[in-house]
$ cat protein10.pdb   # PDB, C-alpha atoms, pLDDT in the B column
ATOM      1  CA  MET A   1     104.551 126.322  93.314  1.00 63.00           C
ATOM      2  CA  ARG A   2     101.775 125.234  90.972  1.00 82.00           C
ATOM      3  CA  SER A   3      98.924 123.195  92.533  1.00 89.00           C
ATOM      4  CA  ILE A   4      96.424 121.132  90.567  1.00 93.00           C
ATOM      5  CA  ARG A   5      93.132 120.127  92.184  1.00 95.00           C
ATOM      6  CA  VAL A   6      92.483 116.393  91.715  1.00 93.00           C
ATOM      7  CA  GLU A   7      88.878 115.435  90.916  1.00 91.00           C
ATOM      8  CA  THR A   8      87.892 112.462  93.086  1.00 92.00           C
ATOM      9  CA  SER A   9      84.085 112.356  92.751  1.00 90.00           C
ATOM     10  CA  THR A  10      84.065 109.454  90.263  1.00 91.00           C
ATOM     11  CA  ALA A  11      87.217 107.704  91.504  1.00 94.00           C
ATOM     12  CA  THR A  12      87.571 104.728  93.781  1.00 95.00           C
ATOM     13  CA  ILE A  13      90.408 105.251  96.257  1.00 96.00           C
ATOM     14  CA  LEU A  14      91.561 102.235  98.282  1.00 97.00           C
ATOM     15  CA  LEU A  15      93.931 102.274 101.256  1.00 97.00           C
ATOM     16  CA  THR A  16      97.107 100.278 100.529  1.00 97.00           C
ATOM     17  CA  GLU A  17      99.374 101.487 103.357  1.00 96.00           C
ATOM     18  CA  THR A  18      98.347 102.737 106.782  1.00 94.00           C
ATOM     19  CA  PRO A  19      99.274 106.299 107.752  1.00 96.00           C
ATOM     20  CA  GLU A  20     102.786 106.737 109.123  1.00 96.00           C
ATOM     21  CA  PRO A  21     104.922 109.763 109.966  1.00 97.00           C
ATOM     22  CA  LYS A  22     106.533 111.402 106.930  1.00 96.00           C
ATOM     23  CA  VAL A  23     110.294 111.457 107.413  1.00 94.00           C
ATOM     24  CA  ARG A  24     112.012 114.684 106.368  1.00 91.00           C
ATOM     25  CA  ASP A  25     115.594 113.475 106.880  1.00 89.00           C
ATOM     26  CA  ARG A  26     116.303 109.734 106.703  1.00 87.00           C
ATOM     27  CA  GLN A  27     119.704 110.094 108.377  1.00 90.00           C
ATOM     28  CA  THR A  28     118.379 111.822 111.498  1.00 92.00           C
ATOM     29  CA  GLY A  29     114.820 110.438 111.442  1.00 89.00           C
ATOM     30  CA  GLU A  30     113.421 113.975 111.625  1.00 94.00           C
ATOM     31  CA  ILE A  31     109.661 114.057 110.988  1.00 94.00           C
ATOM     32  CA  ALA A  32     108.373 116.487 108.344  1.00 94.00           C
ATOM     33  CA  LYS A  33     106.312 119.442 109.607  1.00 96.00           C
ATOM     34  CA  ASP A  34     103.811 121.697 107.844  1.00 93.00           C
ATOM     35  CA  ALA A  35     105.580 124.946 106.931  1.00 90.00           C
ATOM     36  CA  VAL A  36     102.640 127.097 108.073  1.00 91.00           C
ATOM     37  CA  SER A  37     101.134 125.317 111.093  1.00 93.00           C
ATOM     38  CA  GLY A  38     104.172 123.376 112.303  1.00 93.00           C
ATOM     39  CA  GLU A  39     101.981 120.261 112.597  1.00 96.00           C
ATOM     40  CA  ALA A  40     103.584 116.853 112.002  1.00 96.00           C
ATOM     41  CA  LEU A  41     102.881 115.366 108.573  1.00 97.00           C
ATOM     42  CA  MET A  42     101.847 111.805 107.771  1.00 97.00           C
ATOM     43  CA  LYS A  43     101.981 109.828 104.531  1.00 97.00           C
ATOM     44  CA  VAL A  44      99.492 107.251 103.339  1.00 97.00           C
ATOM     45  CA  GLY A  45      99.554 104.892 100.361  1.00 98.00           C
ATOM     46  CA  VAL A  46      96.456 104.558  98.196  1.00 97.00           C
ATOM     47  CA  VAL A  47      95.461 103.177  94.839  1.00 97.00           C
ATOM     48  CA  TYR A  48      93.494 105.727  92.796  1.00 96.00           C
ATOM     49  CA  ILE A  49      91.161 104.062  90.271  1.00 95.00           C
ATOM     50  CA  ASP A  50      89.251 106.093  87.675  1.00 94.00           C
ATOM     51  CA  GLU A  51      88.109 105.520  84.089  1.00 92.00           C
ATOM     52  CA  GLY A  52      89.713 102.078  83.879  1.00 92.00           C
ATOM     53  CA  GLU A  53      93.154 103.231  85.041  1.00 95.00           C
ATOM     54  CA  SER A  54      94.783 102.777  88.427  1.00 95.00           C
ATOM     55  CA  PHE A  55      97.734 104.518  90.060  1.00 94.00           C
ATOM     56  CA  LEU A  56      99.554 103.797  93.315  1.00 97.00           C
ATOM     57  CA  ILE A  57     100.266 107.142  95.000  1.00 97.00           C
ATOM     58  CA  TYR A  58     101.497 108.438  98.336  1.00 97.00           C
ATOM     59  CA  VAL A  59      99.599 111.328  99.847  1.00 98.00           C
ATOM     60  CA  THR A  60     100.816 113.710 102.568  1.00 97.00           C
ATOM     61  CA  ILE A  61      98.270 114.577 105.250  1.00 97.00           C
ATOM     62  CA  PRO A  62      98.495 116.615 108.463  1.00 97.00           C
ATOM     63  CA  GLU A  63      98.493 114.387 111.540  1.00 96.00           C
ATOM     64  CA  SER A  64      95.137 115.844 112.660  1.00 96.00           C
ATOM     65  CA  GLY A  65      93.611 114.776 109.316  1.00 96.00           C
ATOM     66  CA  VAL A  66      94.065 111.051 109.965  1.00 95.00           C
ATOM     67  CA  THR A  67      90.713 109.675 111.126  1.00 93.00           C
ATOM     68  CA  ASP A  68      89.647 106.477 112.882  1.00 91.00           C
ATOM     69  CA  GLY A  69      88.115 103.554 111.031  1.00 90.00           C
ATOM     70  CA  LEU A  70      90.746 103.196 108.286  1.00 94.00           C
ATOM     71  CA  VAL A  71      91.091  99.593 107.075  1.00 94.00           C
ATOM     72  CA  LEU A  72      93.658  98.284 104.578  1.00 95.00           C
ATOM     73  CA  GLY A  73      92.003  97.546 101.230  1.00 94.00           C
ATOM     74  CA  ALA A  74      88.908  99.573 102.108  1.00 95.00           C
ATOM     75  CA  PRO A  75      87.730 102.699 100.283  1.00 96.00           C
ATOM     76  CA  VAL A  76      88.869 106.081 101.619  1.00 97.00           C
ATOM     77  CA  SER A  77      88.186 109.723 100.823  1.00 95.00           C
ATOM     78  CA  LEU A  78      90.883 112.373 100.397  1.00 96.00           C
ATOM     79  CA  PRO A  79      89.180 115.767 100.776  1.00 95.00           C
ATOM     80  CA  GLY A  80      91.078 118.652  99.205  1.00 95.00           C
ATOM     81  CA  LEU A  81      93.417 116.379  97.213  1.00 97.00           C
ATOM     82  CA  ILE A  82      95.919 118.368  95.144  1.00 97.00           C
ATOM     83  CA  ALA A  83      98.902 117.461  92.979  1.00 96.00           C
ATOM     84  CA  ARG A  84     102.103 119.502  92.757  1.00 95.00           C
ATOM     85  CA  PRO A  85     104.631 118.785  89.995  1.00 94.00           C
ATOM     86  CA  TRP A  86     108.249 119.093  91.175  1.00 91.00           C
ATOM     87  CA  GLU A  87     111.757 119.000  89.719  1.00 92.00           C
ATOM     88  CA  SER A  88     115.179 118.863  91.355  1.00 89.00           C
ATOM     89  CA  VAL A  89     118.780 117.932  90.719  1.00 89.00           C
ATOM     90  CA  PHE A  90     120.219 115.277  93.052  1.00 84.00           C
ATOM     91  CA  ASN A  91     123.809 114.065  92.685  1.00 86.00           C
ATOM     92  CA  GLY A  92     123.948 115.664  89.257  1.00 89.00           C
ATOM     93  CA  GLN A  93     120.825 113.886  88.030  1.00 91.00           C
ATOM     94  CA  GLN A  94     117.622 115.650  87.018  1.00 92.00           C
ATOM     95  CA  ARG A  95     114.608 114.231  88.903  1.00 91.00           C
ATOM     96  CA  HIS A  96     110.925 115.042  88.648  1.00 91.00           C
ATOM     97  CA  GLY A  97     107.610 113.784  89.912  1.00 93.00           C
ATOM     98  CA  ILE A  98     104.275 114.696  91.430  1.00 94.00           C
ATOM     99  CA  ALA A  99     103.660 115.246  95.142  1.00 95.00           C
ATOM    100  CA  TYR A 100     100.129 114.720  96.466  1.00 97.00           C
ATOM    101  CA  ARG A 101      98.601 116.413  99.489  1.00 97.00           C
ATOM    102  CA  ALA A 102      95.138 116.243 101.077  1.00 97.00           C
ATOM    103  CA  ALA A 103      93.463 117.838 104.077  1.00 96.00           C
ATOM    104  CA  ALA A 104      92.516 114.440 105.534  1.00 96.00           C
ATOM    105  CA  VAL A 105      92.102 110.720 104.938  1.00 97.00           C
ATOM    106  CA  THR A 106      88.732 109.344 106.014  1.00 95.00           C
ATOM    107  CA  ALA A 107      86.896 106.045 105.672  1.00 94.00           C
ATOM    108  CA  GLY A 108      84.927 106.330 102.447  1.00 83.00           C
ATOM    109  CA  ALA A 109      82.572 104.562 100.105  1.00 70.00           C
ATOM    110  CA  ILE A 110      82.809 103.390  96.528  1.00 65.00           C
ATOM    111  CA  PRO A 111      81.225 106.048  94.254  1.00 62.00           C
ATOM    112  CA  ALA A 112      77.669 105.313  93.095  1.00 55.00           C
ATOM    113  CA  THR A 113      78.817 105.618  89.465  1.00 55.00           C
ATOM    114  CA  VAL A 114      81.086 102.543  89.823  1.00 51.00           C
ATOM    115  CA  GLY A 115      79.281  99.602  88.278  1.00 52.00           C
ATOM    116  CA  ALA A 116      76.388 101.766  87.087  1.00 50.00           C
ATOM    117  CA  GLY A 117      74.628 100.320  84.102  1.00 49.00           C
ATOM    118  CA  VAL A 118      75.804  96.781  84.824  1.00 43.00           C
TER
END

$ encode --input "protein10.pdb" --output "structure tokens"
Amino acid sequence: MRSIRVETSTATILLTETPEPKVRDRQTGEIAKDAVSGEALMKVGVVYIDEGESFLIYVTIPESGVTDGLVLGAPVSLPGLIARPWESVFNGQQRHGIAYRAAAVTAGAIPATVGAGV
């Protein structure tokens, strides 16, 4: 599967939803696990702001990558953030999107370039 590294050095990333377990199967409530390590996966909602545009995205993170000090609305860092385009057919309908994954979610700071020259 194709992975695209996401450049975050000039972006502001704000926490919009606290980390929660990523559900693999909604009917059974089974929690998603990393295919390699077997570790439970979490999902977190963030708003990614860069170059005057903002996007609400959900990012998958291993449970061990969720750090203390996360506050709703506060800046966070997503080290190793990648995007993976996907396509599937569900109930006869073609679907597509982008899945995001990072190594961790940590309390962060607003980049120094934000507001520069003001």

$ residues_around --input "protein10.pdb" --residues "A:Glu87" --least-positions-apart "5" --cutoff "10 Å" --atoms "all atoms listed in the file" --output "number ranges by chain"
A: 94-98

$ residues_near_point --input "protein10.pdb" --point "(112.0, 114.6, 108.3)" --cutoff "12 Å" --atoms "only C-alpha atoms" --output "ChimeraX atom specification"
/A:21-34,40-43

$ write_last_selection --input "protein10.pdb" --atoms "C-alpha atoms" --output "PDB file, in the coordinates of the input"
ATOM      1  CA  PRO A  21     104.922 109.763 109.966  1.00 97.00           C
ATOM      2  CA  LYS A  22     106.533 111.402 106.930  1.00 96.00           C
ATOM      3  CA  VAL A  23     110.294 111.457 107.413  1.00 94.00           C
ATOM      4  CA  ARG A  24     112.012 114.684 106.368  1.00 91.00           C
ATOM      5  CA  ASP A  25     115.594 113.475 106.880  1.00 89.00           C
ATOM      6  CA  ARG A  26     116.303 109.734 106.703  1.00 87.00           C
ATOM      7  CA  GLN A  27     119.704 110.094 108.377  1.00 90.00           C
ATOM      8  CA  THR A  28     118.379 111.822 111.498  1.00 92.00           C
ATOM      9  CA  GLY A  29     114.820 110.438 111.442  1.00 89.00           C
ATOM     10  CA  GLU A  30     113.421 113.975 111.625  1.00 94.00           C
ATOM     11  CA  ILE A  31     109.661 114.057 110.988  1.00 94.00           C
ATOM     12  CA  ALA A  32     108.373 116.487 108.344  1.00 94.00           C
ATOM     13  CA  LYS A  33     106.312 119.442 109.607  1.00 96.00           C
ATOM     14  CA  ASP A  34     103.811 121.697 107.844  1.00 93.00           C
ATOM     15  CA  ALA A  40     103.584 116.853 112.002  1.00 96.00           C
ATOM     16  CA  LEU A  41     102.881 115.366 108.573  1.00 97.00           C
ATOM     17  CA  MET A  42     101.847 111.805 107.771  1.00 97.00           C
ATOM     18  CA  LYS A  43     101.981 109.828 104.531  1.00 97.00           C
TER      19      LYS A  43
END

$ closest_residue --input "protein10.pdb" --among "A:Leu81, A:Leu14, A:Arg5, A:Val105" --to "A:Thr67" --atoms "all atoms listed in the file"
A:Val105

$ closest_residue --input "protein10.pdb" --among "A:Pro62, A:Val47, A:Ser77, A:Gly108" --to "A:Thr8" --atoms "all atoms listed in the file"
A:Ser77

$ atom_distance --input "protein10.pdb" --atom1 "atom CA of A:Ser54" --atom2 "atom CA of A:Ala83"
15.9 Å

$ residues_around --input "protein10.pdb" --residues "A:Ala104" --least-positions-apart "2" --cutoff "9 Å" --atoms "only C-alpha atoms" --output "MDAnalysis selection string"
chainID A and resid 60:67 77:81 101:102 106

$ atom_distance --input "protein10.pdb" --atom1 "atom CA of A:Arg2" --atom2 "atom CA of A:Phe90"
21.1 Å

$ closest_residue --input "protein10.pdb" --among "A:Ala35, A:Val46, A:Pro85, A:Pro75" --to "A:Ile4" --atoms "all atoms listed in the file"
A:Pro85

$ closest_residue --input "protein10.pdb" --among "A:Ala99, A:Val76, A:Val44, A:Leu70" --to "A:Glu17" --atoms "all atoms listed in the file"
A:Val44

$ residues_around --input "protein10.pdb" --residues "A:Thr16" --least-positions-apart "6" --cutoff "6 Å" --atoms "all atoms listed in the file" --output "PyMOL selection string"
chain A and resi 45-46+72-73

$ atom_distance --input "protein10.pdb" --atom1 "atom CA of A:Tyr100" --atom2 "atom CA of A:Phe55"
12.3 Å

$ closest_residue --input "protein10.pdb" --among "A:Ala74, A:Ala109, A:Ser37, A:Ala103" --to "A:Thr10" --atoms "all atoms listed in the file"
A:Ala109

$ closest_residue --input "protein10.pdb" --among "A:Gly38, A:Thr12, A:Gly92, A:Glu20" --to "A:Tyr58" --atoms "only C-alpha atoms"
A:Glu20
